[in-house]
$ cat data.txt   # compact mmCIF, C-alpha atoms
# COMPACT_ATOMS: atom_id res chain seq x y z
CA MET A 1 187.12 86.59 76.74
CA GLU A 2 189.52 84.38 78.72
CA CYS A 3 190.58 80.97 77.41
CA ARG A 4 190.01 82.27 73.89
CA GLY A 5 193.22 80.79 72.50
CA PHE A 6 192.51 77.41 74.05
CA ASP A 7 188.90 77.46 72.87
CA ASP A 8 189.98 78.48 69.39
CA GLN A 9 192.32 75.48 69.18
CA LEU A 10 189.60 73.16 70.37
CA VAL A 11 186.91 74.43 68.06
CA ARG A 12 188.83 75.05 64.90
CA HIS A 13 192.48 74.27 64.58
CA ASP A 14 194.09 71.49 66.57
CA PRO A 15 194.13 68.36 64.35
CA LYS A 16 194.58 65.84 67.21
CA VAL A 17 191.61 67.20 69.11
CA GLN A 18 189.57 67.52 65.93
CA ALA A 19 190.13 63.81 65.19
CA LEU A 20 188.96 62.88 68.68
CA MET A 21 186.04 65.31 68.60
CA LYS A 22 184.70 63.59 65.48
CA GLN A 23 183.99 60.59 67.70
CA PHE A 24 181.75 62.74 69.94
CA VAL A 25 178.63 64.76 69.44
CA GLY A 26 179.95 68.20 70.34
CA VAL A 27 177.53 70.68 71.88
CA ARG A 28 178.52 74.26 72.56
CA VAL A 29 176.39 75.97 75.20
CA VAL A 30 176.74 79.75 75.40
CA GLN A 31 174.08 80.61 77.97
CA PHE A 32 173.48 79.56 81.55
CA ASN A 33 169.76 80.37 81.49
CA GLY A 34 167.64 77.24 81.90
CA THR A 35 170.63 75.05 82.81
CA ASP A 36 169.80 71.84 84.68
CA LEU A 37 171.78 72.50 87.87
CA ALA A 38 171.38 68.92 89.12
CA ARG A 39 173.07 67.53 86.02
CA PHE A 40 175.61 70.23 85.17
CA GLN A 41 177.59 70.85 88.34
CA PHE A 42 180.96 72.46 87.72
CA ASP A 43 183.06 75.37 88.91
CA TYR A 44 180.75 78.21 87.92
CA ASP A 45 183.60 80.75 87.97
CA MET A 46 185.18 79.21 84.88
CA THR A 47 184.75 80.47 81.35
CA PHE A 48 185.35 77.02 79.85
CA ALA A 49 183.97 73.73 81.16
CA MET A 50 183.37 70.44 79.37
CA PHE A 51 181.21 67.42 80.21
CA LEU A 52 181.83 64.02 78.66
CA MET A 53 178.56 62.11 78.81
CA ASN A 54 176.45 59.26 77.57
CA ALA A 55 173.20 60.07 75.74
CA ASP A 56 171.29 58.75 78.78
CA GLY A 57 172.77 61.53 80.92
CA THR A 58 175.48 59.47 82.63
CA ILE A 59 178.59 61.57 83.22
CA TYR A 60 181.92 59.96 82.28
CA GLY A 61 183.98 62.94 83.33
CA ARG A 62 184.56 66.67 83.32
CA PHE A 63 187.31 68.84 81.91
CA GLY A 64 188.29 72.41 82.76
CA SER A 65 190.11 73.80 85.78
CA ARG A 66 191.17 77.27 86.73
CA SER A 67 193.05 79.00 89.54
CA ASP A 68 194.04 82.40 88.20
CA MET A 69 192.38 85.43 86.61
CA LYS A 70 195.18 86.55 84.28
CA GLU A 71 196.39 83.08 83.29
CA ALA A 72 192.98 81.56 82.67
CA ASP A 73 194.43 78.54 80.87
CA ARG A 74 197.25 77.77 83.33
CA GLU A 75 195.56 74.56 84.50
CA ILE A 76 194.46 73.27 81.09
CA SER A 77 196.17 72.27 77.86
CA ILE A 78 195.24 70.83 74.51
CA ASP A 79 197.41 67.79 75.31
CA GLY A 80 195.52 67.24 78.56
CA LEU A 81 192.18 67.65 76.82
CA GLY A 82 193.21 65.11 74.16
CA LYS A 83 194.06 62.54 76.84
CA THR A 84 190.79 63.18 78.68
CA LEU A 85 188.78 62.80 75.45
CA ALA A 86 190.58 59.54 74.64
CA ALA A 87 189.89 58.24 78.16
CA ALA A 88 186.20 59.17 77.87
CA LEU A 89 185.98 57.19 74.62
CA GLU A 90 187.42 54.16 76.42
CA LEU A 91 184.83 54.52 79.20
CA HIS A 92 182.12 54.81 76.54
CA LYS A 93 183.29 51.54 74.95
CA GLY A 94 182.85 49.79 78.29
CA TYR A 95 179.34 51.17 78.79
CA PRO A 96 176.85 50.05 80.14
CA ALA A 97 178.83 47.29 81.94
CA ASN A 98 180.70 50.01 83.87
CA LYS A 99 177.61 52.18 84.51
CA SER A 100 177.56 51.75 88.31
CA SER A 101 181.01 53.39 88.63
CA PHE A 102 179.60 56.69 87.32
CA VAL A 103 176.66 57.05 89.71
CA ALA A 104 178.47 59.44 92.08
CA LYS A 105 179.66 61.61 89.18
CA THR A 106 176.32 63.40 89.37
CA GLY A 107 176.49 65.52 92.51
CA PRO A 108 173.93 65.96 95.29
CA ALA A 109 170.65 67.71 94.54
CA PRO A 110 171.08 71.50 94.41
CA ARG A 111 168.76 73.94 96.19
CA PHE A 112 167.07 74.87 92.88
CA ASN A 113 166.86 72.95 89.61
CA ARG A 114 167.35 76.03 87.38
CA PRO A 115 169.41 79.15 88.10
CA GLU A 116 166.55 81.58 87.36
CA GLU A 117 164.61 80.05 90.29
CA TYR A 118 166.95 81.71 92.81
CA PRO A 119 165.13 84.66 94.43
CA SER A 120 167.86 87.14 93.46
CA LEU A 121 167.67 86.04 89.79
CA LYS A 122 163.93 85.39 89.52
CA GLY A 123 162.27 87.85 87.17
CA ARG A 124 165.62 89.23 86.00
CA TYR A 125 166.34 86.23 83.78
CA GLN A 126 164.19 83.79 81.84
CA PRO A 127 164.95 80.14 80.98
CA THR A 128 165.49 81.14 77.35
CA LEU A 129 167.29 84.11 75.82
CA ASP A 130 165.41 87.12 74.51
CA ALA A 131 166.15 87.01 70.77
CA ALA A 132 165.97 90.81 70.58
CA LYS A 133 168.44 91.23 73.47
CA PRO A 134 170.56 88.07 73.58
CA VAL A 135 173.48 89.64 75.44
CA GLN A 136 171.45 91.48 78.09
CA SER A 137 169.20 88.47 78.74
CA CYS A 138 172.11 86.01 79.02
CA MET A 139 172.98 84.86 82.53
CA HIS A 140 176.60 84.16 83.47
CA CYS A 141 177.45 80.89 85.22
CA HIS A 142 178.98 82.62 88.26
CA GLN A 143 175.67 84.38 88.96
CA ALA A 144 174.24 81.07 90.23
CA LEU A 145 177.03 80.81 92.81
CA GLU A 146 176.49 84.42 93.84
CA ALA A 147 172.75 83.75 94.18
CA GLU A 148 173.46 80.74 96.41
CA ARG A 149 175.70 82.83 98.69
CA LYS A 150 173.08 85.58 98.85
CA MET A 151 170.59 83.05 100.25
CA PHE A 152 172.81 82.50 103.30
CA ARG A 153 173.60 86.18 103.68
CA ALA A 154 169.92 87.12 103.53
CA ALA A 155 169.15 84.51 106.19
CA ARG A 156 172.00 85.96 108.32
CA GLN A 157 173.78 82.62 108.22
CA PRO A 158 177.48 82.09 107.54
CA ILE A 159 178.25 81.04 103.98
CA PRO A 160 179.35 77.38 104.16
CA ASP A 161 182.93 76.69 103.08
CA GLU A 162 181.81 74.65 100.07
CA PHE A 163 180.11 77.72 98.59
CA LEU A 164 182.87 80.15 99.54
CA TYR A 165 186.07 78.17 98.91
CA THR A 166 184.44 76.40 96.04
CA TRP A 167 186.07 73.78 93.78
CA PRO A 168 189.59 74.06 95.24
CA MET A 169 192.50 72.80 93.18
CA PRO A 170 194.19 69.68 94.59
CA ASP A 171 197.23 71.91 95.22
CA VAL A 172 195.44 72.96 98.41
CA VAL A 173 196.29 69.56 99.93
CA GLY A 174 199.73 69.50 98.30
CA LEU A 175 198.96 67.72 95.03
CA SER A 176 200.08 69.60 91.95
CA LEU A 177 198.72 67.85 88.85
CA ASP A 178 200.18 68.13 85.36
CA PRO A 179 197.82 70.04 82.99
CA LYS A 180 199.34 68.14 80.03
CA GLU A 181 198.09 64.83 81.44
CA LYS A 182 194.75 63.51 82.68
CA ALA A 183 195.42 63.50 86.44
CA ARG A 184 199.13 62.84 86.88
CA VAL A 185 200.94 64.13 89.94
CA ARG A 186 203.60 66.62 88.87
CA ARG A 187 204.77 67.57 92.35
CA VAL A 188 203.91 66.82 95.95
CA ALA A 189 204.41 69.71 98.36
CA PRO A 190 206.84 68.85 101.16
CA GLY A 191 205.08 68.52 104.51
CA SER A 192 201.63 68.47 102.90
CA SER A 193 198.86 66.04 103.77
CA ALA A 194 199.27 64.49 100.29
CA GLU A 195 202.92 63.74 101.08
CA LYS A 196 201.91 62.18 104.40
CA ASP A 197 199.31 60.14 102.48
CA GLY A 198 202.12 58.69 100.36
CA PHE A 199 201.50 60.36 97.00
CA LYS A 200 204.56 60.71 94.76
CA ALA A 201 205.41 62.69 91.64
CA GLY A 202 204.52 60.63 88.56
CA ASP A 203 201.52 58.88 90.15
CA GLU A 204 198.53 58.75 87.78
CA ILE A 205 195.29 59.00 89.76
CA VAL A 206 193.03 56.30 88.32
CA THR A 207 190.16 56.42 90.81
CA LEU A 208 189.28 58.70 93.72
CA GLY A 209 186.39 58.16 96.09
CA GLY A 210 185.46 55.13 93.99
CA GLN A 211 185.01 57.21 90.83
CA PRO A 212 187.02 56.82 87.60
CA ILE A 213 189.24 59.89 87.15
CA ILE A 214 190.06 61.23 83.69
CA SER A 215 190.95 64.86 84.43
CA ILE A 216 192.02 67.36 87.07
CA ALA A 217 188.40 68.58 87.11
CA ASP A 218 187.30 65.05 88.10
CA VAL A 219 189.64 65.19 91.11
CA GLN A 220 188.19 68.61 92.01
CA PHE A 221 184.65 67.26 91.71
CA VAL A 222 185.29 64.44 94.22
CA MET A 223 186.97 66.87 96.63
CA GLN A 224 184.25 69.52 96.24
CA PHE A 225 181.51 67.18 97.41
CA ALA A 226 183.50 65.36 100.12
CA LYS A 227 182.47 66.08 103.68
CA ALA A 228 185.51 67.11 105.71
CA PRO A 229 187.22 65.59 107.53
CA ALA A 230 187.50 62.76 105.02
CA SER A 231 189.82 60.05 103.89
CA LEU A 232 189.16 59.42 100.21
CA LYS A 233 190.21 56.09 98.78
CA ALA A 234 192.51 56.55 95.81
CA GLU A 235 194.01 54.17 93.33
CA VAL A 236 197.10 55.37 91.52
CA SER A 237 199.18 53.86 88.78
CA ARG A 238 202.83 54.03 89.84
CA ALA A 239 205.42 52.78 87.39
CA GLY A 240 202.71 50.64 85.81
CA LYS A 241 201.56 49.09 89.10
CA LYS A 242 198.25 49.84 90.84
CA THR A 243 198.75 51.26 94.33
CA ALA A 244 196.04 51.96 96.92
CA LEU A 245 196.30 55.22 98.86
CA ASN A 246 194.07 57.57 100.83
CA LEU A 247 193.72 61.30 100.27
CA THR A 248 193.13 63.06 103.58
CA LEU A 249 190.97 66.17 103.77
CA THR A 250 191.31 67.72 107.20
CA GLU A 251 188.72 69.96 108.85
CA GLY A 252 188.87 73.39 107.16
CA TRP A 253 191.12 72.16 104.32
CA ARG A 254 189.39 74.43 101.81
CA LYS A 255 190.39 77.61 103.61
CA GLN A 256 193.86 77.42 102.03
CA SER A 257 192.22 78.12 98.67
CA ASP A 258 192.66 81.66 97.35
CA ILE A 259 189.31 82.93 96.03
CA GLY A 260 190.63 86.35 94.96
CA TRP A 261 190.76 85.46 91.24
CA ARG A 262 187.13 84.37 91.00
CA PRO A 263 184.59 86.54 89.14
CA SER A 264 182.04 85.67 91.85
CA SER A 265 184.39 87.22 94.43
CA TRP A 266 183.28 90.68 93.26
CA ASP A 267 180.03 89.99 95.06
CA VAL A 268 181.92 88.67 98.10
CA ARG A 269 183.81 92.01 98.07
CA ARG A 270 180.50 93.87 98.05
CA MET A 271 179.27 91.91 101.07
CA ALA A 272 182.52 91.64 103.02
CA THR A 273 184.33 94.90 102.24
CA GLY A 274 181.79 97.32 100.84
CA GLY A 275 183.28 96.93 97.36
CA LEU A 276 187.06 97.07 97.83
CA LYS A 277 189.51 95.15 95.63
CA VAL A 278 192.85 94.92 97.40
CA ASP A 279 196.25 93.43 96.67
CA ALA A 280 199.02 92.57 99.11
CA LEU A 281 201.92 94.99 98.65
CA ALA A 282 205.18 93.32 97.66
CA GLY A 283 208.62 94.24 96.33
CA GLU A 284 209.27 97.93 95.77
CA GLY A 285 205.77 98.96 96.86
CA LEU A 286 206.22 97.23 100.19
CA ALA A 287 209.68 98.74 100.65
CA LYS A 288 208.34 102.24 99.92
CA SER A 289 205.56 101.81 102.46
CA GLY A 290 208.07 101.18 105.22
CA LEU A 291 206.08 98.14 106.35
CA GLY A 292 207.67 94.81 107.25
CA ALA A 293 207.28 91.61 105.23
CA ASN A 294 205.04 90.07 107.92
CA GLU A 295 202.85 93.13 108.43
CA LEU A 296 199.42 93.68 106.93
CA ALA A 297 199.83 95.78 103.78
CA LEU A 298 196.81 95.62 101.49
CA GLU A 299 196.70 98.29 98.84
CA ILE A 300 193.26 99.32 97.62
CA LYS A 301 193.35 98.79 93.87
CA HIS A 302 189.71 99.57 93.27
CA ALA A 303 186.88 101.08 95.29
CA GLY A 304 183.42 100.40 93.83
CA GLU A 305 181.44 103.44 92.76
CA TYR A 306 177.84 102.34 92.43
CA GLY A 307 175.16 101.06 94.75
CA GLU A 308 176.30 98.68 97.48
CA HIS A 309 179.70 98.37 95.80
CA ALA A 310 180.33 101.99 96.82
CA ALA A 311 179.79 101.45 100.56
CA ALA A 312 183.51 101.48 101.41
CA LYS A 313 184.11 104.52 99.22
CA ASN A 314 181.26 106.30 100.97
CA ALA A 315 182.87 105.36 104.28
CA GLY A 316 186.04 107.22 103.24
CA PHE A 317 188.25 104.51 101.74
CA ARG A 318 190.19 105.54 98.63
CA LYS A 319 192.07 103.81 95.83
CA GLY A 320 195.77 103.80 96.76
CA ASP A 321 195.17 103.60 100.52
CA VAL A 322 197.17 100.84 102.21
CA ILE A 323 195.26 98.95 104.89
CA VAL A 324 197.66 98.23 107.75
CA SER A 325 195.21 97.05 110.40
CA ILE A 326 191.78 95.45 110.29
CA ASP A 327 189.77 94.64 113.39
CA GLY A 328 193.00 94.88 115.38
CA LEU A 329 194.85 92.41 113.14
CA THR A 330 198.17 93.55 111.69
CA LYS A 331 199.50 90.21 110.38
CA ARG A 332 200.13 89.90 106.64
CA MET A 333 197.22 88.53 104.59
CA THR A 334 196.48 87.78 100.95
CA GLU A 335 193.30 89.19 99.44
CA GLY A 336 191.72 85.74 99.76
CA GLU A 337 192.53 85.60 103.48
CA TRP A 338 191.20 89.13 103.99
CA LEU A 339 187.94 88.27 102.23
CA ALA A 340 187.63 85.02 104.20
CA TYR A 341 188.11 86.88 107.49
CA LEU A 342 185.61 89.62 106.69
CA ILE A 343 182.87 87.51 105.10
CA ALA A 344 182.60 85.66 108.42
CA LYS A 345 181.39 88.94 110.01
CA PRO A 346 177.61 89.46 110.08
CA ALA A 347 176.06 91.80 107.52
CA GLY A 348 175.73 95.30 108.92
CA SER A 349 178.97 95.19 110.93
CA LYS A 350 181.35 98.16 111.05
CA ILE A 351 184.94 97.02 111.30
CA THR A 352 187.71 99.34 112.34
CA ALA A 353 190.50 99.65 109.80
CA THR A 354 193.67 101.73 109.79
CA VAL A 355 194.89 102.95 106.42
CA LEU A 356 198.08 104.58 105.31
CA ARG A 357 197.43 107.58 103.04
CA GLY A 358 200.17 109.99 101.99
CA GLY A 359 202.36 108.78 104.84
CA GLN A 360 199.65 109.44 107.45
CA ARG A 361 197.67 106.81 109.33
CA MET A 362 193.94 107.26 109.64
CA GLU A 363 191.15 105.18 111.14
CA LEU A 364 188.03 104.32 109.13
CA GLN A 365 185.03 102.03 109.57
CA LEU A 366 184.67 99.30 106.96
CA PRO A 367 181.01 98.37 106.35
CA THR A 368 179.84 94.79 105.72
CA GLN A 369 176.54 94.15 103.95
CA MET B 1 171.51 122.79 88.31
CA LEU B 2 175.19 122.28 87.38
CA ASN B 3 175.28 119.14 89.53
CA ARG B 4 172.21 117.76 87.74
CA PHE B 5 173.82 118.50 84.35
CA ILE B 6 177.03 116.71 85.38
CA LEU B 7 175.04 113.75 86.71
CA LEU B 8 172.94 113.53 83.54
CA THR B 9 176.02 113.75 81.30
CA GLY B 10 177.71 111.06 83.37
CA LEU B 11 174.70 108.77 83.12
CA LEU B 12 174.47 109.28 79.34
CA LEU B 13 178.18 108.52 78.88
CA ALA B 14 177.94 105.44 81.12
CA SER B 15 174.86 104.30 79.19
CA ALA B 16 176.64 104.80 75.83
CA GLY B 17 179.63 102.83 77.13
CA ALA B 18 177.39 99.99 78.30
CA THR B 19 175.56 99.96 74.94
CA ASN B 20 178.87 99.78 73.04
CA ALA B 21 180.09 96.95 75.26
CA ALA B 22 176.84 95.02 74.71
CA GLU B 23 177.08 95.58 70.95
CA ASN B 24 180.68 94.35 70.89
CA ARG B 25 179.70 91.28 72.85
CA LEU B 26 176.72 90.66 70.55
CA GLU B 27 179.06 90.83 67.54
CA ARG B 28 181.41 88.36 69.20
CA VAL B 29 178.53 85.98 70.00
CA GLN B 30 177.23 86.15 66.42
CA LYS B 31 180.73 85.60 65.00
CA ASP B 32 181.27 82.69 67.40
CA ARG B 33 178.09 80.98 66.20
CA THR B 34 179.04 81.39 62.53
CA GLU B 35 182.58 80.11 63.02
CA VAL B 36 181.71 77.20 65.29
CA THR B 37 178.85 75.85 63.20
CA ALA B 38 180.82 76.27 59.95
CA GLY B 39 183.06 73.32 60.91
CA GLY B 40 180.02 71.00 61.11
CA LEU B 41 181.32 69.34 64.31
CA TRP B 42 179.26 71.25 66.83
CA VAL B 43 175.63 71.58 67.76
CA TYR B 44 175.21 75.20 68.80
CA ASN B 45 173.44 76.04 72.04
CA ASP B 46 170.87 73.25 71.78
CA LEU B 47 171.29 70.49 74.36
CA ASP B 48 168.13 68.64 73.30
CA GLN B 49 169.40 68.41 69.74
CA GLY B 50 172.79 67.23 71.05
CA PHE B 51 171.28 64.45 73.16
CA ALA B 52 169.01 63.38 70.27
CA GLU B 53 172.03 63.23 67.97
CA ALA B 54 173.99 61.17 70.52
CA ARG B 55 171.10 58.70 70.86
CA ARG B 56 170.83 58.44 67.07
CA THR B 57 174.55 57.90 66.43
CA GLY B 58 175.57 56.04 69.62
CA LYS B 59 178.37 58.54 70.14
CA PRO B 60 179.19 60.07 73.51
CA LEU B 61 178.62 63.76 74.10
CA ALA B 62 181.23 66.46 74.65
CA ILE B 63 179.30 69.43 76.03
CA VAL B 64 181.18 72.70 76.39
CA PHE B 65 179.92 75.59 78.51
CA ARG B 66 181.45 78.86 77.30
$ encode --input "data.txt" --output "structure tokens"
Amino acid sequence: MECRGFDDQLVRHDPKVQALMKQFVGVRVVQFNGTDLARFQFDYDMTFAMFLMNADGTIYGRFGSRSDMKEADREISIDGLGKTLAAALELHKGYPANKSSFVAKTGPAPRFNRPEEYPSLKGRYQPTLDAAKPVQSCMHCHQALEAERKMFRAARQPIPDEFLYTWPMPDVVGLSLDPKEKARVRRVAPGSSAEKDGFKAGDEIVTLGGQPIISIADVQFVMQFAKAPASLKAEVSRAGKKTALNLTLTEGWRKQSDIGWRPSSWDVRRMATGGLKVDALAGEGLAKSGLGANELALEIKHAGEYGEHAAAKNAGFRKGDVIVSIDGLTKRMTEGEWLAYLIAKPAGSKITATVLRGGQRMELQLPTQ
Amino acid sequence: MLNRFILLTGLLLASAGATNAAENRLERVQKDRTEVTAGGLWVYNDLDQGFAEARRTGKPLAIVFR
């Protein structure tokens, strides 16, 4: 269970957070079955997400961000949560006079109102848990995202970027935010669009796209539902003074986001690679392979064994193989880039790959599904 | 015949592994409920009750999905 340490502090031990939490009605939801998808829109690949709300359903803000599988709590901290909770209490004090500023914090209508209405989940899950089998009948949040992607795949349509490169971190446009703060800029990447937009380290993002911002997740929410290209109006507090800026999202901005860490990417691997999990060779492994730093060198770390996850294995791919060419491409890629390239191929394609196995090169056909 | 035996044994072992994993997870879920509700700060897995409590007290909600 990722985020366990963080969750443990929140629920039981941290005195600062406990004092703030006493001013809220805390609700802990441990199932996704029956969830109102119109109201609760968040990054469904996370294992911890918080909504700060009014009793009438108005959303003040969200908390919870993630960008890595191993370090699940890299983008969150108890300090940051404390500041977000305090900011939500301030917004609550100003309610309902400030109500209109929260309208856009509820996202656009989803395709289905409940996750179990998706065709691939219908019949498998019910809106409530089976008391006799609570674990087996419990749906995971990421299954809703997988079900959405399956709709496009089944219709032989490309999966739109917003469902593939979902909920990118602001780092993608060059804004690294401090997890110990609400939404304070820690670093601006040189040459990035955020730098060109005039953002500076230390800026506290107060509003974005007209919405009050009280967390990194709030920034992600505005970006997730923006139509690219876009220029989002931002207000930042810089050395105590309000400054107006724009945050530019260029066409295809999401594609810089690495989706390899996401639990829902297992299903992308099934569709795009026939069930292969790969990792870009680096360091000693790359040196041993004899491949150059700019050459494609994706080592197969796992080849699925069951059902459609075994398609690549059945096509001859093996754990330990190093993929050195795919569809004629030999340029270095991350796993995210490899998945992004292959998921754009129609289901049922056979893509020529060259693998390195025991020092020998061999050609295989990678199946998409 | 040997192949069928190996397949059956494999399926039984996989099934036992899956059952153990489900039992472990069930234990964790049950423990989580006991520990979380013991503090008295959290409504457990009941959004309707949470919203009703927020309306009654005038407090905002902090809803965690885990």
$ closest_residue --input "data.txt" --among "A:Arg39, A:Lys133, A:Lys319, A:Lys200" --to "chain B" --atoms "only C-alpha atoms"
A:Lys133
$ interface_residues --input "data.txt" --of "chain B" --to "chain A" --cutoff "8 Å" --atoms "only C-alpha atoms" --output "number ranges by chain"
B: 22, 25-26, 36, 39, 41-47, 50-55, 58-66
$ atom_distance --input "data.txt" --atom1 "CA of Lys182 (chain A)" --atom2 "CA of Arg33 (chain B)"
29.2 Å
$ residues_near_point --input "data.txt" --point "(206.9, 88.9, 107.5)" --cutoff "12 Å" --atoms "all atoms listed in the file" --output "ChimeraX atom specification"
/A:281-282,286,291-297,330-333
$ residues_near_point --input "data.txt" --point "(184.3, 88.5, 110.0)" --cutoff "12 Å" --atoms "all atoms listed in the file" --output "ChimeraX atom specification"
/A:158-159,271-273,326-327,329,337-352,366-369
$ write_last_selection --input "data.txt" --atoms "C-alpha atoms" --output "CSV table (one decimal), in the frame of the given file"
chain,number,residue,atom,x,y,z
A,158,PRO,CA,177.5,82.1,107.5
A,159,ILE,CA,178.2,81.0,104.0
A,271,MET,CA,179.3,91.9,101.1
A,272,ALA,CA,182.5,91.6,103.0
A,273,THR,CA,184.3,94.9,102.2
A,326,ILE,CA,191.8,95.4,110.3
A,327,ASP,CA,189.8,94.6,113.4
A,329,LEU,CA,194.8,92.4,113.1
A,337,GLU,CA,192.5,85.6,103.5
A,338,TRP,CA,191.2,89.1,104.0
A,339,LEU,CA,187.9,88.3,102.2
A,340,ALA,CA,187.6,85.0,104.2
A,341,TYR,CA,188.1,86.9,107.5
A,342,LEU,CA,185.6,89.6,106.7
A,343,ILE,CA,182.9,87.5,105.1
A,344,ALA,CA,182.6,85.7,108.4
A,345,LYS,CA,181.4,88.9,110.0
A,346,PRO,CA,177.6,89.5,110.1
A,347,ALA,CA,176.1,91.8,107.5
A,348,GLY,CA,175.7,95.3,108.9
A,349,SER,CA,179.0,95.2,110.9
A,350,LYS,CA,181.4,98.2,111.0
A,351,ILE,CA,184.9,97.0,111.3
A,352,THR,CA,187.7,99.3,112.3
A,366,LEU,CA,184.7,99.3,107.0
A,367,PRO,CA,181.0,98.4,106.4
A,368,THR,CA,179.8,94.8,105.7
A,369,GLN,CA,176.5,94.2,104.0
$ residues_around --input "data.txt" --residues "Arg187 (chain A)" --least-positions-apart "4" --cutoff "10 Å" --atoms "all atoms listed in the file" --output "list in words"
Asp171, Gly174, Leu175, Ser176, Leu177, Asp178, Glu195, Phe199, Lys200, Ala201, Gly202 and Asp203 of chain A
$ write_last_selection --input "data.txt" --atoms "C-alpha atoms" --output "PDB file, keeping the file's coordinate frame"
ATOM      1  CA  ASP A 171     197.230  71.910  95.220  1.00  0.00           C
ATOM      2  CA  GLY A 174     199.730  69.500  98.300  1.00  0.00           C
ATOM      3  CA  LEU A 175     198.960  67.720  95.030  1.00  0.00           C
ATOM      4  CA  SER A 176     200.080  69.600  91.950  1.00  0.00           C
ATOM      5  CA  LEU A 177     198.720  67.850  88.850  1.00  0.00           C
ATOM      6  CA  ASP A 178     200.180  68.130  85.360  1.00  0.00           C
ATOM      7  CA  GLU A 195     202.920  63.740 101.080  1.00  0.00           C
ATOM      8  CA  PHE A 199     201.500  60.360  97.000  1.00  0.00           C
ATOM      9  CA  LYS A 200     204.560  60.710  94.760  1.00  0.00           C
ATOM     10  CA  ALA A 201     205.410  62.690  91.640  1.00  0.00           C
ATOM     11  CA  GLY A 202     204.520  60.630  88.560  1.00  0.00           C
ATOM     12  CA  ASP A 203     201.520  58.880  90.150  1.00  0.00           C
TER      13      ASP A 203
END
$ closest_residue --input "data.txt" --among "A:Asn113, A:Ser100, A:Thr166, A:Gln143" --to "Gly210 (chain A)" --atoms "all atoms listed in the file"
A:Ser100
$ axis_aligned_box --input "data.txt" --around "region 45-50 of chain A" --padding-each-side "8 Å" --output "JSON"
{"center_x": 184.4, "center_y": 75.6, "center_z": 83.7, "size_x": 18.0, "size_y": 26.3, "size_z": 24.6}
$ atom_distance --input "data.txt" --atom1 "CA of Arg114 (chain A)" --atom2 "CA of Gln220 (chain A)"
22.6 Å
$ atom_distance --input "data.txt" --atom1 "CA of Glu148 (chain A)" --atom2 "CA of Tyr165 (chain A)"
13.1 Å
$ closest_residue --input "data.txt" --among "A:Pro127, A:Gly307, A:Met151, A:Lys180" --to "Asp73 (chain A)" --atoms "all atoms listed in the file"
A:Lys180
$ build_atoms --input "data.txt" --residues "region 43-54 of chain B" --atoms "N, CA and C atoms" --output "PDB file, in the coordinates of the input"
ATOM      1  N   VAL B  43     177.019  71.132  67.643  1.00  0.00           N
ATOM      2  CA  VAL B  43     175.630  71.580  67.760  1.00  0.00           C
ATOM      3  C   VAL B  43     175.705  72.861  68.581  1.00  0.00           C
ATOM      4  N   TYR B  44     175.049  73.920  68.123  1.00  0.00           N
ATOM      5  CA  TYR B  44     175.210  75.200  68.800  1.00  0.00           C
ATOM      6  C   TYR B  44     174.052  75.513  69.736  1.00  0.00           C
ATOM      7  N   ASN B  45     174.366  75.557  71.023  1.00  0.00           N
ATOM      8  CA  ASN B  45     173.440  76.040  72.040  1.00  0.00           C
ATOM      9  C   ASN B  45     172.092  75.318  72.058  1.00  0.00           C
ATOM     10  N   ASP B  46     172.119  74.015  71.791  1.00  0.00           N
ATOM     11  CA  ASP B  46     170.870  73.250  71.780  1.00  0.00           C
ATOM     12  C   ASP B  46     171.152  71.862  72.358  1.00  0.00           C
ATOM     13  N   LEU B  47     170.986  71.750  73.684  1.00  0.00           N
ATOM     14  CA  LEU B  47     171.290  70.490  74.360  1.00  0.00           C
ATOM     15  C   LEU B  47     170.363  69.369  73.898  1.00  0.00           C
ATOM     16  N   ASP B  48     169.079  69.685  73.719  1.00  0.00           N
ATOM     17  CA  ASP B  48     168.130  68.640  73.300  1.00  0.00           C
ATOM     18  C   ASP B  48     168.555  68.031  71.975  1.00  0.00           C
ATOM     19  N   GLN B  49     168.960  68.898  71.047  1.00  0.00           N
ATOM     20  CA  GLN B  49     169.400  68.410  69.740  1.00  0.00           C
ATOM     21  C   GLN B  49     170.658  67.544  69.897  1.00  0.00           C
ATOM     22  N   GLY B  50     171.559  67.979  70.795  1.00  0.00           N
ATOM     23  CA  GLY B  50     172.790  67.230  71.050  1.00  0.00           C
ATOM     24  C   GLY B  50     172.492  65.832  71.582  1.00  0.00           C
ATOM     25  N   PHE B  51     171.614  65.758  72.577  1.00  0.00           N
ATOM     26  CA  PHE B  51     171.280  64.450  73.160  1.00  0.00           C
ATOM     27  C   PHE B  51     170.582  63.564  72.111  1.00  0.00           C
ATOM     28  N   ALA B  52     169.707  64.159  71.309  1.00  0.00           N
ATOM     29  CA  ALA B  52     169.010  63.380  70.270  1.00  0.00           C
ATOM     30  C   ALA B  52     170.024  62.828  69.269  1.00  0.00           C
ATOM     31  N   GLU B  53     171.001  63.653  68.926  1.00  0.00           N
ATOM     32  CA  GLU B  53     172.030  63.230  67.970  1.00  0.00           C
ATOM     33  C   GLU B  53     172.891  62.106  68.562  1.00  0.00           C
ATOM     34  N   ALA B  54     173.188  62.210  69.853  1.00  0.00           N
ATOM     35  CA  ALA B  54     173.990  61.170  70.520  1.00  0.00           C
ATOM     36  C   ALA B  54     173.213  59.849  70.576  1.00  0.00           C
TER      37      ALA B  54
END
